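Participant: I'm passing along target_9.pdb; it holds PDB, C-alpha atoms.
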```
ATOM      1  CA  ASP A   1     163.910  85.588  -5.302  1.00  0.00           C
ATOM      2  CA  ARG A   2     162.491  89.044  -4.475  1.00  0.00           C
ATOM      3  CA  SER A   3     165.755  90.681  -3.426  1.00  0.00           C
ATOM      4  CA  ALA A   4     167.506  89.607  -6.640  1.00  0.00           C
ATOM      5  CA  ARG A   5     164.646  90.970  -8.783  1.00  0.00           C
ATOM      6  CA  LEU A   6     164.702  94.239  -6.860  1.00  0.00           C
ATOM      7  CA  GLU A   7     168.466  94.573  -7.282  1.00  0.00           C
ATOM      8  CA  ASP A   8     168.080  93.904 -11.022  1.00  0.00           C
ATOM      9  CA  ALA A   9     165.341  96.548 -11.271  1.00  0.00           C
ATOM     10  CA  GLN A  10     167.419  99.106  -9.412  1.00  0.00           C
ATOM     11  CA  SER A  11     170.383  98.541 -11.713  1.00  0.00           C
ATOM     12  CA  ILE A  12     168.464  99.511 -14.876  1.00  0.00           C
ATOM     13  CA  PRO A  13     169.983 102.799 -16.092  1.00  0.00           C
ATOM     14  CA  GLY A  14     167.570 105.701 -15.703  1.00  0.00           C
ATOM     15  CA  ARG A  15     164.986 103.695 -13.773  1.00  0.00           C
ATOM     16  CA  VAL A  16     163.971 105.253 -10.485  1.00  0.00           C
ATOM     17  CA  PRO A  17     162.861 102.535  -8.048  1.00  0.00           C
ATOM     18  CA  MET A  18     159.205 102.778  -7.107  1.00  0.00           C
ATOM     19  CA  ARG A  19     157.436 101.856  -3.918  1.00  0.00           C
ATOM     20  CA  VAL A  20     153.872 101.614  -2.783  1.00  0.00           C
ATOM     21  CA  VAL A  21     152.630 103.203   0.427  1.00  0.00           C
ATOM     22  CA  ALA A  22     149.371 102.853   2.323  1.00  0.00           C
ATOM     23  CA  ASN A  23     147.399 105.211   4.512  1.00  0.00           C
ATOM     24  CA  LEU A  24     146.076 102.841   7.166  1.00  0.00           C
ATOM     25  CA  ASN A  25     143.716 105.540   8.450  1.00  0.00           C
ATOM     26  CA  LEU A  26     141.864 105.329   5.124  1.00  0.00           C
ATOM     27  CA  CYS A  27     142.079 101.564   4.557  1.00  0.00           C
ATOM     28  CA  GLN A  28     138.793  99.772   5.271  1.00  0.00           C
ATOM     29  CA  GLY A  29     140.039  96.255   4.477  1.00  0.00           C
ATOM     30  CA  HIS A  30     138.219  95.615   1.201  1.00  0.00           C
ATOM     31  CA  ALA A  31     141.318  93.601   0.095  1.00  0.00           C
ATOM     32  CA  ARG A  32     140.930  94.455  -3.587  1.00  0.00           C
ATOM     33  CA  CYS A  33     144.654  95.196  -3.672  1.00  0.00           C
ATOM     34  CA  GLU A  34     145.450  91.711  -2.413  1.00  0.00           C
ATOM     35  CA  ASP A  35     143.087  90.156  -4.947  1.00  0.00           C
ATOM     36  CA  LEU A  36     144.741  92.057  -7.798  1.00  0.00           C
ATOM     37  CA  CYS A  37     148.388  91.815  -6.717  1.00  0.00           C
ATOM     38  CA  PRO A  38     149.046  89.226  -3.998  1.00  0.00           C
ATOM     39  CA  GLU A  39     152.781  89.448  -4.691  1.00  0.00           C
ATOM     40  CA  VAL A  40     152.826  92.895  -3.042  1.00  0.00           C
ATOM     41  CA  PHE A  41     149.712  93.147  -0.845  1.00  0.00           C
ATOM     42  CA  SER A  42     148.178  91.048   1.908  1.00  0.00           C
ATOM     43  CA  THR A  43     145.669  91.648   4.694  1.00  0.00           C
ATOM     44  CA  ASP A  44     146.383  91.825   8.411  1.00  0.00           C
ATOM     45  CA  ALA A  45     144.533  88.968  10.117  1.00  0.00           C
ATOM     46  CA  ASP A  46     143.762  91.023  13.234  1.00  0.00           C
ATOM     47  CA  GLU A  47     142.779  94.436  11.903  1.00  0.00           C
ATOM     48  CA  GLY A  48     141.803  93.443   8.360  1.00  0.00           C
ATOM     49  CA  LYS A  49     143.865  96.267   6.852  1.00  0.00           C
ATOM     50  CA  VAL A  50     146.392  96.182   4.044  1.00  0.00           C
ATOM     51  CA  VAL A  51     149.920  94.943   4.660  1.00  0.00           C
ATOM     52  CA  ILE A  52     152.484  95.847   2.022  1.00  0.00           C
ATOM     53  CA  GLU A  53     154.686  92.784   1.744  1.00  0.00           C
ATOM     54  CA  GLN A  54     156.965  94.256  -0.921  1.00  0.00           C
ATOM     55  CA  PRO A  55     157.035  98.082  -0.701  1.00  0.00           C
ATOM     56  CA  GLU A  56     159.659  98.365  -3.458  1.00  0.00           C
ATOM     57  CA  PHE A  57     158.383  96.251  -6.288  1.00  0.00           C
ATOM     58  CA  PRO A  58     160.093  95.005  -9.459  1.00  0.00           C
ATOM     59  CA  PRO A  59     159.197  96.484 -12.867  1.00  0.00           C
ATOM     60  CA  GLU A  60     157.297  93.381 -13.951  1.00  0.00           C
ATOM     61  CA  LEU A  61     154.732  94.050 -11.182  1.00  0.00           C
ATOM     62  CA  GLU A  62     154.241  97.741 -11.917  1.00  0.00           C
ATOM     63  CA  ASP A  63     151.067  97.278 -13.989  1.00  0.00           C
ATOM     64  CA  LYS A  64     149.495  95.048 -11.317  1.00  0.00           C
ATOM     65  CA  VAL A  65     150.438  97.438  -8.518  1.00  0.00           C
ATOM     66  CA  ARG A  66     149.010 100.413 -10.436  1.00  0.00           C
ATOM     67  CA  LEU A  67     145.788  98.474 -11.048  1.00  0.00           C
ATOM     68  CA  ALA A  68     145.534  97.674  -7.329  1.00  0.00           C
ATOM     69  CA  VAL A  69     146.134 101.329  -6.403  1.00  0.00           C
ATOM     70  CA  ARG A  70     143.447 102.504  -8.858  1.00  0.00           C
ATOM     71  CA  ASN A  71     140.972  99.945  -7.522  1.00  0.00           C
ATOM     72  CA  CYS A  72     141.252 100.874  -3.851  1.00  0.00           C
ATOM     73  CA  PRO A  73     137.753 102.207  -3.057  1.00  0.00           C
ATOM     74  CA  GLU A  74     139.069 104.322  -0.186  1.00  0.00           C
ATOM     75  CA  GLY A  75     142.073 105.784  -2.044  1.00  0.00           C
ATOM     76  CA  ALA A  76     144.378 104.434   0.665  1.00  0.00           C
ATOM     77  CA  LEU A  77     147.230 103.409  -1.670  1.00  0.00           C
ATOM     78  CA  ARG A  78     149.808 105.534  -3.484  1.00  0.00           C
ATOM     79  CA  ILE A  79     152.885 104.900  -5.584  1.00  0.00           C
ATOM     80  CA  ALA A  80     156.059 106.849  -4.895  1.00  0.00           C
ATOM     81  CA  ARG A  81     159.401 106.988  -6.590  1.00  0.00           C
ATOM     82  CA  ASN A  82     162.084 106.555  -3.949  1.00  0.00           C
ATOM     83  CA  GLY A  83     162.862 109.909  -2.451  1.00  0.00           C
ATOM     84  CA  ALA A  84     159.717 111.522  -3.889  1.00  0.00           C
ATOM     85  CA  LYS A  85     156.182 112.168  -2.701  1.00  0.00           C
ATOM     86  CA  ALA A  86     153.557 109.547  -3.436  1.00  0.00           C
ATOM     87  CA  GLU A  87     151.823 110.008  -6.752  1.00  0.00           C
ATOM     88  CA  ALA A  88     148.089 109.603  -7.152  1.00  0.00           C
ATOM     89  CA  GLU A  89     146.839 107.195  -9.777  1.00  0.00           C
TER
END
```
When written as structure tokens, how does the structure in this file appear?

Facilitator:
Amino acid sequence: DRSARLEDAQSIPGRVPMRVVANLNLCQGHARCEDLCPEVFSTDADEGKVVIEQPEFPPELEDKVRLAVRNCPEGALRIARNGAKAEAE
């Protein structure tokens, strides 16, 4: 389950948990993120904008999340280490 994977990821020595954040003012609802990483992203049925289902994601999804962030045509997604500013891809 997701919470167990997240706890495992957070217990890795030296690993800083990462999270993904969205700027909904920039999101235009292209849903590329959801296509590339449905484990973390979905689309709001009413507004058509991104919904981050799993803001803190396990290490095994990092490559997929980074790919989704890079493929956002509006640049609405960022990755942040917990307690840090979001980093651009």

Participant: Tell me which of A:Ala31, A:Ile52, A:Val20, A:Leu61 sits closest to A:Arg78, counting only C-alpha atoms.

Facilitator: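 Result for the nearest residue to A:Arg78: A:Val20.
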
Participant: For each of A:Val69, A:Leu36, A:Ala22, A:Ile79, take the minimum atom-to-atom distance to A:Val51, counting all atoms listed in the file, then give the residue where this is smallest.

Facilitator: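 Result for the nearest residue to A:Val51: A:Ala22.
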
Participant: Counting only C-alpha atoms, figure out which residue out of A:Ala80, A:Gln54, A:Gly29, A:Asn71 gets nearest to A:Phe41.

Facilitator: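 Under the stated criterion, the closest residue is A:Gln54.
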
Participant: Between atom CA of A:Glu34 and atom CA of A:Pro59, what is the distance in Å, rounded to a tenth?

Facilitator: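 Going from atom CA of A:Glu34 over to atom CA of A:Pro59, I get 17.9 Å.
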
Participant: So, counting only C-alpha atoms, which residue among A:Arg81, A:Leu67, A:Val50, A:Gly75 is closest to A:Leu26?

Facilitator: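 Answer, going by the shortest atom-to-atom distance: A:Gly75.
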
Participant: When distances are computed from all atoms listed in the file, which of A:Glu74, A:Glu53, A:Glu62, A:Asp46 shows the smallest separation from A:Arg32?

Facilitator: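 Once distances to A:Arg32 are computed over all atoms listed in the file, the minimum belongs to A:Glu74.
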
Participant: Mind giving me the straight-line distance from atom CA of A:Met18 to atom CA of A:Asp35 in Å, one decimal?

Facilitator: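 Rounded to one decimal, the two atoms are 20.6 Å apart.
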
Participant: Suppose you want the space between atom CA of A:Ala45 and atom CA of A:Asp63; what is it in Å?

Facilitator: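 Atom-to-atom, atom CA of A:Ala45 and atom CA of A:Asp63 are spaced 26.3 Å apart.
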
Participant: So, with all atoms listed in the file as the atoms that count, which of A:Arg19, A:Asn25, A:Glu56, A:Val65 lies closest to A:Pro38?

Facilitator: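 Of the candidates, the smallest distance to A:Pro38 is held by A:Val65.
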